[in-house]
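Structure file start-v2.pdb (PDB, C-alpha atoms and all ligand atoms) follows.
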ATOM      1  CA  MET Q 205      16.783   4.545   5.128  1.00  0.00           C
ATOM      2  CA  LYS Q 206      17.384   5.828   1.616  1.00  0.00           C
ATOM      3  CA  ASN Q 207      14.344   5.751  -0.711  1.00  0.00           C
ATOM      4  CA  ILE Q 208      11.896   5.472   2.227  1.00  0.00           C
ATOM      5  CA  GLU Q 209      10.156   8.418   3.885  1.00  0.00           C
ATOM      6  CA  PHE Q 210       7.181   8.785   6.208  1.00  0.00           C
ATOM      7  CA  TYR Q 211       4.060  10.948   6.002  1.00  0.00           C
ATOM      8  CA  VAL Q 212       1.409  11.301   8.692  1.00  0.00           C
ATOM      9  CA  GLY Q 213      -1.994  12.065   7.163  1.00  0.00           C
ATOM     10  CA  ASP Q 214      -4.401  11.281   4.366  1.00  0.00           C
ATOM     11  CA  ILE Q 215      -2.902   9.248   1.494  1.00  0.00           C
ATOM     12  CA  THR Q 216      -5.430  10.707  -0.988  1.00  0.00           C
ATOM     13  CA  LYS Q 217      -3.679  14.084  -0.758  1.00  0.00           C
ATOM     14  CA  LEU Q 218      -0.292  12.830  -1.952  1.00  0.00           C
ATOM     15  CA  LYS Q 219       0.928  13.847  -5.403  1.00  0.00           C
ATOM     16  CA  VAL Q 220       2.957  10.716  -6.134  1.00  0.00           C
ATOM     17  CA  ASP Q 221       2.950   8.490  -9.222  1.00  0.00           C
ATOM     18  CA  ALA Q 222       0.893   5.828  -7.402  1.00  0.00           C
ATOM     19  CA  ILE Q 223      -0.939   5.412  -4.118  1.00  0.00           C
ATOM     20  CA  VAL Q 224      -1.695   1.916  -2.857  1.00  0.00           C
ATOM     21  CA  ASN Q 225      -5.235   1.022  -1.804  1.00  0.00           C
ATOM     22  CA  ALA Q 226      -5.941  -1.505   0.959  1.00  0.00           C
ATOM     23  CA  ALA Q 227      -8.844  -3.043  -0.924  1.00  0.00           C
ATOM     24  CA  ASN Q 228     -10.975  -6.140  -0.542  1.00  0.00           C
ATOM     25  CA  SER Q 229     -11.045  -8.986  -3.026  1.00  0.00           C
ATOM     26  CA  SER Q 230     -14.061  -7.593  -4.896  1.00  0.00           C
ATOM     27  CA  LEU Q 231     -12.225  -4.318  -5.665  1.00  0.00           C
ATOM     28  CA  LEU Q 232     -15.652  -2.659  -5.505  1.00  0.00           C
ATOM     29  CA  GLY Q 233     -14.854  -0.259  -2.655  1.00  0.00           C
ATOM     30  CA  GLY Q 234     -15.443  -0.307   1.061  1.00  0.00           C
ATOM     31  CA  GLY Q 235     -14.671   1.731   4.172  1.00  0.00           C
ATOM     32  CA  GLY Q 236     -11.340   2.900   5.583  1.00  0.00           C
ATOM     33  CA  VAL Q 237      -8.676   3.953   3.136  1.00  0.00           C
ATOM     34  CA  ASP Q 238     -10.549   2.136   0.339  1.00  0.00           C
ATOM     35  CA  GLY Q 239     -13.572   4.376   0.921  1.00  0.00           C
ATOM     36  CA  ALA Q 240     -11.430   7.501   1.134  1.00  0.00           C
ATOM     37  CA  ILE Q 241      -9.644   6.704  -2.136  1.00  0.00           C
ATOM     38  CA  HIS Q 242     -12.881   6.004  -4.003  1.00  0.00           C
ATOM     39  CA  ARG Q 243     -14.478   9.189  -2.651  1.00  0.00           C
ATOM     40  CA  ALA Q 244     -11.498  11.293  -3.713  1.00  0.00           C
ATOM     41  CA  ALA Q 245     -11.017   9.578  -7.095  1.00  0.00           C
ATOM     42  CA  GLY Q 246     -14.669   9.763  -8.122  1.00  0.00           C
ATOM     43  CA  PRO Q 247     -16.907   7.256  -9.944  1.00  0.00           C
ATOM     44  CA  GLY Q 248     -14.441   6.601 -12.769  1.00  0.00           C
ATOM     45  CA  LEU Q 249     -12.327   4.539 -10.375  1.00  0.00           C
ATOM     46  CA  LEU Q 250     -15.157   2.165  -9.508  1.00  0.00           C
ATOM     47  CA  ASN Q 251     -16.072   1.839 -13.168  1.00  0.00           C
ATOM     48  CA  GLU Q 252     -12.535   0.746 -14.038  1.00  0.00           C
ATOM     49  CA  CYS Q 253     -12.415  -1.583 -11.015  1.00  0.00           C
ATOM     50  CA  ARG Q 254     -15.588  -3.301 -12.182  1.00  0.00           C
ATOM     51  CA  GLY Q 255     -13.682  -4.540 -15.209  1.00  0.00           C
ATOM     52  CA  LEU Q 256     -10.810  -6.054 -13.190  1.00  0.00           C
ATOM     53  CA  ASN Q 257     -12.638  -9.166 -11.986  1.00  0.00           C
ATOM     54  CA  GLY Q 258     -11.477  -8.773  -8.374  1.00  0.00           C
ATOM     55  CA  CYS Q 259      -8.066  -9.415  -6.823  1.00  0.00           C
ATOM     56  CA  ARG Q 260      -6.656 -12.269  -4.743  1.00  0.00           C
ATOM     57  CA  THR Q 261      -5.092 -11.718  -1.315  1.00  0.00           C
ATOM     58  CA  GLY Q 262      -1.442 -10.733  -1.700  1.00  0.00           C
ATOM     59  CA  GLU Q 263      -1.927  -9.756  -5.341  1.00  0.00           C
ATOM     60  CA  ALA Q 264      -2.057  -6.244  -6.847  1.00  0.00           C
ATOM     61  CA  LYS Q 265      -3.865  -4.591  -9.762  1.00  0.00           C
ATOM     62  CA  ILE Q 266      -3.443  -1.080 -11.198  1.00  0.00           C
ATOM     63  CA  THR Q 267      -5.915   1.558 -12.333  1.00  0.00           C
ATOM     64  CA  LYS Q 268      -5.767   5.240 -13.217  1.00  0.00           C
ATOM     65  CA  GLY Q 269      -6.072   7.788 -10.402  1.00  0.00           C
ATOM     66  CA  TYR Q 270      -8.911   9.872 -11.875  1.00  0.00           C
ATOM     67  CA  ASN Q 271      -9.566  12.910  -9.627  1.00  0.00           C
ATOM     68  CA  LEU Q 272      -6.741  11.977  -7.242  1.00  0.00           C
ATOM     69  CA  PRO Q 273      -3.464  13.929  -7.420  1.00  0.00           C
ATOM     70  CA  ALA Q 274      -1.789  10.526  -7.918  1.00  0.00           C
ATOM     71  CA  LYS Q 275      -1.559   9.214 -11.486  1.00  0.00           C
ATOM     72  CA  TYR Q 276      -2.329   5.600 -10.552  1.00  0.00           C
ATOM     73  CA  VAL Q 277      -3.979   3.570  -7.806  1.00  0.00           C
ATOM     74  CA  ILE Q 278      -2.467   0.161  -7.097  1.00  0.00           C
ATOM     75  CA  HIS Q 279      -5.091  -1.978  -5.407  1.00  0.00           C
ATOM     76  CA  THR Q 280      -3.883  -4.787  -3.179  1.00  0.00           C
ATOM     77  CA  VAL Q 281      -5.768  -7.104  -0.847  1.00  0.00           C
ATOM     78  CA  GLY Q 282      -4.228  -7.724   2.551  1.00  0.00           C
ATOM     79  CA  PRO Q 283      -4.869 -10.762   4.737  1.00  0.00           C
ATOM     80  CA  ILE Q 284      -7.696 -10.703   7.245  1.00  0.00           C
ATOM     81  CA  TYR Q 285      -5.578 -11.283  10.349  1.00  0.00           C
ATOM     82  CA  SER Q 286      -6.101 -14.713  11.940  1.00  0.00           C
ATOM     83  CA  GLY Q 287      -2.623 -15.465  13.340  1.00  0.00           C
ATOM     84  CA  ALA Q 288      -2.023 -18.097  10.633  1.00  0.00           C
ATOM     85  CA  GLU Q 289       1.491 -18.497   9.214  1.00  0.00           C
ATOM     86  CA  SER Q 290       0.190 -17.368   5.836  1.00  0.00           C
ATOM     87  CA  ASP Q 291      -0.804 -13.926   7.175  1.00  0.00           C
ATOM     88  CA  GLU Q 292       2.793 -12.692   7.140  1.00  0.00           C
ATOM     89  CA  THR Q 293       3.497 -14.085   3.668  1.00  0.00           C
ATOM     90  CA  ASP Q 294       0.301 -12.586   2.277  1.00  0.00           C
ATOM     91  CA  LEU Q 295       1.079  -9.167   3.771  1.00  0.00           C
ATOM     92  CA  TYR Q 296       4.694  -9.319   2.529  1.00  0.00           C
ATOM     93  CA  ASN Q 297       3.397 -10.151  -0.953  1.00  0.00           C
ATOM     94  CA  CYS Q 298       1.057  -7.138  -0.925  1.00  0.00           C
ATOM     95  CA  TYR Q 299       4.014  -4.778  -0.574  1.00  0.00           C
ATOM     96  CA  TYR Q 300       6.410  -6.704  -2.824  1.00  0.00           C
ATOM     97  CA  ASN Q 301       3.879  -7.294  -5.631  1.00  0.00           C
ATOM     98  CA  SER Q 302       2.618  -3.687  -5.501  1.00  0.00           C
ATOM     99  CA  LEU Q 303       6.203  -2.441  -5.958  1.00  0.00           C
ATOM    100  CA  SER Q 304       6.825  -4.854  -8.847  1.00  0.00           C
ATOM    101  CA  LEU Q 305       3.581  -3.797 -10.545  1.00  0.00           C
ATOM    102  CA  ALA Q 306       4.560  -0.153 -10.014  1.00  0.00           C
ATOM    103  CA  LYS Q 307       7.934  -0.766 -11.710  1.00  0.00           C
ATOM    104  CA  GLU Q 308       6.193  -2.459 -14.663  1.00  0.00           C
ATOM    105  CA  ASN Q 309       4.221   0.787 -15.106  1.00  0.00           C
ATOM    106  CA  ASP Q 310       7.276   3.068 -14.867  1.00  0.00           C
ATOM    107  CA  VAL Q 311       6.176   4.393 -11.461  1.00  0.00           C
ATOM    108  CA  HIS Q 312       9.002   6.079  -9.530  1.00  0.00           C
ATOM    109  CA  SER Q 313       7.141   7.331  -6.439  1.00  0.00           C
ATOM    110  CA  ILE Q 314       4.636   5.264  -4.463  1.00  0.00           C
ATOM    111  CA  ALA Q 315       2.785   5.672  -1.165  1.00  0.00           C
ATOM    112  CA  PHE Q 316       1.534   2.830   1.039  1.00  0.00           C
ATOM    113  CA  PRO Q 317      -1.120   2.875   3.777  1.00  0.00           C
ATOM    114  CA  GLY Q 318      -0.921   0.394   6.641  1.00  0.00           C
ATOM    115  CA  ILE Q 319      -2.334  -2.539   4.702  1.00  0.00           C
ATOM    116  CA  SER Q 320      -4.523  -4.866   6.831  1.00  0.00           C
ATOM    117  CA  THR Q 321      -3.964  -2.846  10.030  1.00  0.00           C
ATOM    118  CA  GLY Q 322      -7.488  -1.424  10.183  1.00  0.00           C
ATOM    119  CA  VAL Q 323     -10.645  -3.452   9.547  1.00  0.00           C
ATOM    120  CA  TYR Q 324      -8.512  -6.522   8.786  1.00  0.00           C
ATOM    121  CA  GLY Q 325      -7.083  -6.450  12.301  1.00  0.00           C
ATOM    122  CA  TYR Q 326      -3.385  -7.025  11.658  1.00  0.00           C
ATOM    123  CA  PRO Q 327      -1.316  -6.009  14.718  1.00  0.00           C
ATOM    124  CA  LYS Q 328       0.419  -2.756  13.763  1.00  0.00           C
ATOM    125  CA  GLU Q 329       3.927  -3.553  15.017  1.00  0.00           C
ATOM    126  CA  ALA Q 330       4.056  -6.933  13.278  1.00  0.00           C
ATOM    127  CA  ALA Q 331       2.660  -5.349  10.126  1.00  0.00           C
ATOM    128  CA  ALA Q 332       5.292  -2.598  10.223  1.00  0.00           C
ATOM    129  CA  LYS Q 333       8.087  -5.188  10.490  1.00  0.00           C
ATOM    130  CA  THR Q 334       6.715  -7.168   7.539  1.00  0.00           C
ATOM    131  CA  ALA Q 335       6.155  -4.048   5.444  1.00  0.00           C
ATOM    132  CA  LEU Q 336       9.694  -2.776   6.059  1.00  0.00           C
ATOM    133  CA  GLY Q 337      11.094  -6.239   5.305  1.00  0.00           C
ATOM    134  CA  ALA Q 338       9.255  -6.476   1.990  1.00  0.00           C
ATOM    135  CA  ILE Q 339      10.153  -2.911   0.978  1.00  0.00           C
ATOM    136  CA  THR Q 340      13.869  -3.183   1.825  1.00  0.00           C
ATOM    137  CA  THR Q 341      14.127  -6.578   0.118  1.00  0.00           C
ATOM    138  CA  TRP Q 342      12.406  -5.248  -2.994  1.00  0.00           C
ATOM    139  CA  LEU Q 343      14.728  -2.220  -3.074  1.00  0.00           C
ATOM    140  CA  SER Q 344      17.818  -4.443  -2.899  1.00  0.00           C
ATOM    141  CA  ASP Q 345      16.357  -6.798  -5.545  1.00  0.00           C
ATOM    142  CA  ASN Q 346      15.763  -3.774  -7.794  1.00  0.00           C
ATOM    143  CA  SER Q 347      18.758  -1.620  -6.884  1.00  0.00           C
ATOM    144  CA  GLY Q 348      19.080  -0.274 -10.426  1.00  0.00           C
ATOM    145  CA  TYR Q 349      15.571   1.184 -10.384  1.00  0.00           C
ATOM    146  CA  ASP Q 350      14.804   4.620  -8.914  1.00  0.00           C
ATOM    147  CA  MET Q 351      11.812   4.222  -6.565  1.00  0.00           C
ATOM    148  CA  GLN Q 352      10.842   6.684  -3.819  1.00  0.00           C
ATOM    149  CA  ILE Q 353       8.599   5.037  -1.218  1.00  0.00           C
ATOM    150  CA  THR Q 354       6.369   6.882   1.245  1.00  0.00           C
ATOM    151  CA  ILE Q 355       4.916   5.025   4.198  1.00  0.00           C
ATOM    152  CA  VAL Q 356       1.709   6.798   5.194  1.00  0.00           C
ATOM    153  CA  ASN Q 357       0.617   6.639   8.817  1.00  0.00           C
ATOM    154  CA  PHE Q 358      -2.884   7.814   9.607  1.00  0.00           C
ATOM    155  CA  SER Q 359      -1.881   8.831  13.120  1.00  0.00           C
ATOM    156  CA  GLU Q 360       1.175   9.903  15.105  1.00  0.00           C
ATOM    157  CA  HIS Q 361       0.712   6.698  17.111  1.00  0.00           C
ATOM    158  CA  ASP Q 362       1.122   4.586  13.983  1.00  0.00           C
ATOM    159  CA  TYR Q 363       4.164   6.653  13.022  1.00  0.00           C
ATOM    160  CA  GLU Q 364       5.749   6.017  16.445  1.00  0.00           C
ATOM    161  CA  ILE Q 365       5.241   2.272  15.972  1.00  0.00           C
ATOM    162  CA  TYR Q 366       7.258   2.397  12.751  1.00  0.00           C
ATOM    163  CA  GLN Q 367       9.981   4.473  14.368  1.00  0.00           C
ATOM    164  CA  SER Q 368      10.247   2.006  17.277  1.00  0.00           C
ATOM    165  CA  VAL Q 369      10.529  -0.923  14.822  1.00  0.00           C
ATOM    166  CA  ILE Q 370      13.259   0.902  12.856  1.00  0.00           C
ATOM    167  CA  GLY Q 371      15.055   1.869  16.046  1.00  0.00           C
ATOM    168  CA  ARG Q 372      15.548  -1.786  17.023  1.00  0.00           C
TER
HETATM  169  N1  LIG Q 401      -5.093   7.744   4.454  1.00  0.00           N
HETATM  170  C1  LIG Q 401      -4.130   6.930   4.956  1.00  0.00           C
HETATM  171  N2  LIG Q 401      -4.378   5.879   5.767  1.00  0.00           N
HETATM  172  C2  LIG Q 401      -5.677   5.657   6.083  1.00  0.00           C
HETATM  173  C3  LIG Q 401      -6.738   6.454   5.597  1.00  0.00           C
HETATM  174  C4  LIG Q 401      -6.399   7.545   4.749  1.00  0.00           C
HETATM  175  N3  LIG Q 401      -7.340   8.366   4.241  1.00  0.00           N
HETATM  176  N4  LIG Q 401      -7.918   5.962   6.099  1.00  0.00           N
HETATM  177  C5  LIG Q 401      -7.586   4.911   6.863  1.00  0.00           C
HETATM  178  N5  LIG Q 401      -6.240   4.720   6.872  1.00  0.00           N
HETATM  179  C6  LIG Q 401      -5.456   3.697   7.563  1.00  0.00           C
HETATM  180  C7  LIG Q 401      -6.093   3.046   8.763  1.00  0.00           C
HETATM  181  O1  LIG Q 401      -5.916   3.845   9.931  1.00  0.00           O
HETATM  182  C8  LIG Q 401      -5.288   1.751   8.834  1.00  0.00           C
HETATM  183  O2  LIG Q 401      -4.071   1.977   9.537  1.00  0.00           O
HETATM  184  O3  LIG Q 401      -5.258   2.644   6.645  1.00  0.00           O
HETATM  185  C9  LIG Q 401      -4.947   1.448   7.363  1.00  0.00           C
HETATM  186  C10 LIG Q 401      -5.724   0.304   6.746  1.00  0.00           C
HETATM  187  O4  LIG Q 401      -7.015   0.244   7.328  1.00  0.00           O
HETATM  188  P1  LIG Q 401      -8.316  -0.142   6.444  1.00  0.00           P
HETATM  189  O5  LIG Q 401      -8.596   0.972   5.509  1.00  0.00           O
HETATM  190  O6  LIG Q 401      -9.367  -0.557   7.404  1.00  0.00           O
HETATM  191  O7  LIG Q 401      -7.837  -1.373   5.551  1.00  0.00           O
HETATM  192  P2  LIG Q 401      -7.616  -2.912   5.953  1.00  0.00           P
HETATM  193  O8  LIG Q 401      -7.331  -3.089   7.394  1.00  0.00           O
HETATM  194  O9  LIG Q 401      -6.617  -3.415   4.949  1.00  0.00           O
HETATM  195  O10 LIG Q 401      -9.040  -3.570   5.663  1.00  0.00           O
HETATM  196  C11 LIG Q 401      -9.472  -3.644   4.326  1.00  0.00           C
HETATM  197  O11 LIG Q 401     -11.520  -2.528   4.819  1.00  0.00           O
HETATM  198  O12 LIG Q 401     -12.201  -0.600   3.856  1.00  0.00           O
HETATM  199  C12 LIG Q 401     -12.331  -1.959   3.805  1.00  0.00           C
HETATM  200  O13 LIG Q 401     -12.793  -2.395   1.499  1.00  0.00           O
HETATM  201  C13 LIG Q 401     -11.810  -2.528   2.511  1.00  0.00           C
HETATM  202  O14 LIG Q 401     -12.740  -4.664   2.973  1.00  0.00           O
HETATM  203  C14 LIG Q 401     -11.537  -3.934   2.929  1.00  0.00           C
HETATM  204  C15 LIG Q 401     -10.979  -3.757   4.337  1.00  0.00           C
END
Transcribe the structure of this file into structure tokens.
Amino acid sequence: MKNIEFYVGDITKLKVDAIVNAANSSLLGGGGVDGAIHRAAGPGLLNECRGLNGCRTGEAKITKGYNLPAKYVIHTVGPIYSGAESDETDLYNCYYNSLSLAKENDVHSIAFPGISTGVYGYPKEAAAKTALGAITTWLSDNSGYDMQITIVNFSEHDYEIYQSVIGR
């Protein structure tokens, strides 16, 4: 698919305009990719996050990237998987709203981790389908805007899940 590529590895290494953080609603850091991003960005990131007053599930907020190679961090809060109908909508909104916020900030390259697929327990195949749906819909809704999207998988296994979803 045009505009979408895949990278297997650590999102904090990517020199893109913005990397997306799978945060929690406090925006005050945590484990997983959130912990990795804060460690790599340094204390300036947490200081800026303190002033953001948290973030609701499905919403997105932007900060500078500090010591990261990326210029910005877009923080979004995925659903804690429960099997409720709203899980899919919330996850879809994380991707769609992060892309819209990126466009508002003249971002033209953005990398996503597997939002909610770690601590928040979202099944990886279902999450991949929802992520691809949100991304492709956003791209067609914003066809005049140049946006390069990287989907970051933290393992080959996660990458294979995406490839199997695309293959179908
Ligand atoms: N680079 C890319 N992907 C990563 C990295 C990394 N450095 N570290 C972890 N991941 C992957 C995980 O393998 C998983 O597929 O990111 C995905 C999201 O997992 P989590 O980081 O656990 O995020 P999530 O499931 O959304 O849970 C969010 O965890 O860390 C806390 O503060 C965070 O409370 C929030 C919750």
* Structure fact -> Nearest to ligand LIG 401 (chain Q), restricted to all atoms listed in the file and choosing among Q:Phe316, Q:Tyr299, Q:Phe358, Q:Phe210, comes out as Q:Phe358
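Taking all atoms listed in the file into account, the protein and nucleic acid residues that come at most 6 Å from ligand LIG 401 (chain Q) are Gly213, Asp214, Ile215, Ala226, Ala227, Asn228, Gly233, Gly234, Gly235, Gly236, Val237, Asp238, Gly239, Ala240, Gly282, Pro317, Gly318, Ile319, Ser320, Thr321, Gly322, Val323, Tyr324, Gly325, Val356, Asn357 and Phe358 of chain Q.
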* To do: Tell me which residues the PyMOL selection byres (((chain Q and resi 268) around 12) and not hetatm) grabs here, as an MDAnalysis selection string.
  => chainID Q and resid 221:224 241:242 245:253 265:267 269:279 309
Convert the current residue selection to file output with C-alpha atoms, as a PDB file, keeping the file's coordinate frame.
ATOM      1  CA  ASP Q 221       2.950   8.490  -9.222  1.00  0.00           C
ATOM      2  CA  ALA Q 222       0.893   5.828  -7.402  1.00  0.00           C
ATOM      3  CA  ILE Q 223      -0.939   5.412  -4.118  1.00  0.00           C
ATOM      4  CA  VAL Q 224      -1.695   1.916  -2.857  1.00  0.00           C
ATOM      5  CA  ILE Q 241      -9.644   6.704  -2.136  1.00  0.00           C
ATOM      6  CA  HIS Q 242     -12.881   6.004  -4.003  1.00  0.00           C
ATOM      7  CA  ALA Q 245     -11.017   9.578  -7.095  1.00  0.00           C
ATOM      8  CA  GLY Q 246     -14.669   9.763  -8.122  1.00  0.00           C
ATOM      9  CA  PRO Q 247     -16.907   7.256  -9.944  1.00  0.00           C
ATOM     10  CA  GLY Q 248     -14.441   6.601 -12.769  1.00  0.00           C
ATOM     11  CA  LEU Q 249     -12.327   4.539 -10.375  1.00  0.00           C
ATOM     12  CA  LEU Q 250     -15.157   2.165  -9.508  1.00  0.00           C
ATOM     13  CA  ASN Q 251     -16.072   1.839 -13.168  1.00  0.00           C
ATOM     14  CA  GLU Q 252     -12.535   0.746 -14.038  1.00  0.00           C
ATOM     15  CA  CYS Q 253     -12.415  -1.583 -11.015  1.00  0.00           C
ATOM     16  CA  LYS Q 265      -3.865  -4.591  -9.762  1.00  0.00           C
ATOM     17  CA  ILE Q 266      -3.443  -1.080 -11.198  1.00  0.00           C
ATOM     18  CA  THR Q 267      -5.915   1.558 -12.333  1.00  0.00           C
ATOM     19  CA  GLY Q 269      -6.072   7.788 -10.402  1.00  0.00           C
ATOM     20  CA  TYR Q 270      -8.911   9.872 -11.875  1.00  0.00           C
ATOM     21  CA  ASN Q 271      -9.566  12.910  -9.627  1.00  0.00           C
ATOM     22  CA  LEU Q 272      -6.741  11.977  -7.242  1.00  0.00           C
ATOM     23  CA  PRO Q 273      -3.464  13.929  -7.420  1.00  0.00           C
ATOM     24  CA  ALA Q 274      -1.789  10.526  -7.918  1.00  0.00           C
ATOM     25  CA  LYS Q 275      -1.559   9.214 -11.486  1.00  0.00           C
ATOM     26  CA  TYR Q 276      -2.329   5.600 -10.552  1.00  0.00           C
ATOM     27  CA  VAL Q 277      -3.979   3.570  -7.806  1.00  0.00           C
ATOM     28  CA  ILE Q 278      -2.467   0.161  -7.097  1.00  0.00           C
ATOM     29  CA  HIS Q 279      -5.091  -1.978  -5.407  1.00  0.00           C
ATOM     30  CA  ASN Q 309       4.221   0.787 -15.106  1.00  0.00           C
TER      31      ASN Q 309
END
* Structure fact -> With distances taken over all atoms listed in the file, the candidate from Q:Ser347, Q:Ser313, Q:Thr334, Q:Ser368 nearest Ile208 of chain Q is Q:Ser313
* To do: Given the file shown, enumerate the residues that the PyMOL selection byres (((chain Q and resi 260) around 12) and not hetatm) captures and present them as an NGL selection string.
  => :Q and (227-231 or 256-259 or 261-265 or 279-283 or 294-295 or 297-298 or 301)
For C-alpha atoms, I'd like the residues from the last selection saved as a PDB file, in the frame of the given file.
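And here is the file that came out, again.pdb:
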ATOM      1  CA  ALA Q 227      -8.844  -3.043  -0.924  1.00  0.00           C
ATOM      2  CA  ASN Q 228     -10.975  -6.140  -0.542  1.00  0.00           C
ATOM      3  CA  SER Q 229     -11.045  -8.986  -3.026  1.00  0.00           C
ATOM      4  CA  SER Q 230     -14.061  -7.593  -4.896  1.00  0.00           C
ATOM      5  CA  LEU Q 231     -12.225  -4.318  -5.665  1.00  0.00           C
ATOM      6  CA  LEU Q 256     -10.810  -6.054 -13.190  1.00  0.00           C
ATOM      7  CA  ASN Q 257     -12.638  -9.166 -11.986  1.00  0.00           C
ATOM      8  CA  GLY Q 258     -11.477  -8.773  -8.374  1.00  0.00           C
ATOM      9  CA  CYS Q 259      -8.066  -9.415  -6.823  1.00  0.00           C
ATOM     10  CA  THR Q 261      -5.092 -11.718  -1.315  1.00  0.00           C
ATOM     11  CA  GLY Q 262      -1.442 -10.733  -1.700  1.00  0.00           C
ATOM     12  CA  GLU Q 263      -1.927  -9.756  -5.341  1.00  0.00           C
ATOM     13  CA  ALA Q 264      -2.057  -6.244  -6.847  1.00  0.00           C
ATOM     14  CA  LYS Q 265      -3.865  -4.591  -9.762  1.00  0.00           C
ATOM     15  CA  HIS Q 279      -5.091  -1.978  -5.407  1.00  0.00           C
ATOM     16  CA  THR Q 280      -3.883  -4.787  -3.179  1.00  0.00           C
ATOM     17  CA  VAL Q 281      -5.768  -7.104  -0.847  1.00  0.00           C
ATOM     18  CA  GLY Q 282      -4.228  -7.724   2.551  1.00  0.00           C
ATOM     19  CA  PRO Q 283      -4.869 -10.762   4.737  1.00  0.00           C
ATOM     20  CA  ASP Q 294       0.301 -12.586   2.277  1.00  0.00           C
ATOM     21  CA  LEU Q 295       1.079  -9.167   3.771  1.00  0.00           C
ATOM     22  CA  ASN Q 297       3.397 -10.151  -0.953  1.00  0.00           C
ATOM     23  CA  CYS Q 298       1.057  -7.138  -0.925  1.00  0.00           C
ATOM     24  CA  ASN Q 301       3.879  -7.294  -5.631  1.00  0.00           C
TER      25      ASN Q 301
END
Give the padded box for segment 359-372 of chain Q as lines of an AutoDock Vina configuration file: axis-aligned, covering all atoms listed in the file, 5 Å on each side, centre and edge lengths in Å to one decimal.
center_x = 6.8
center_y = 4.1
center_z = 15.0
size_x = 27.4
size_y = 21.7
size_z = 14.5
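Each of Q:Tyr300, Q:Thr293, Q:Glu364, Q:Ala330 was compared to Ser344 of chain Q using only C-alpha atoms, and Q:Tyr300 turns out to be the nearest.
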* For the atom pair atom CA of Ala332 of chain Q and atom CA of Arg243 of chain Q, what is the interatomic distance in Å to one decimal place? -> 26.4 Å
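Atom pair atom CA of Thr216 of chain Q / atom CA of Gly348 of chain Q has a distance of 28.5 Å (rounded to one decimal).
From atom CA of Met351 of chain Q back to atom CA of Val311 of chain Q, the distance works out to 7.5 Å.
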* **Nearest-residue call for Leu218 of chain Q, choices Q:Ala338, Q:Ser290, Q:Ile314, Q:Tyr363, using all atoms listed in the file** => Q:Ile314
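Distance check against Glu209 of chain Q using all atoms listed in the file: of Q:Thr354, Q:Gln367, Q:Thr340, Q:Ser359, the minimum falls on Q:Thr354.
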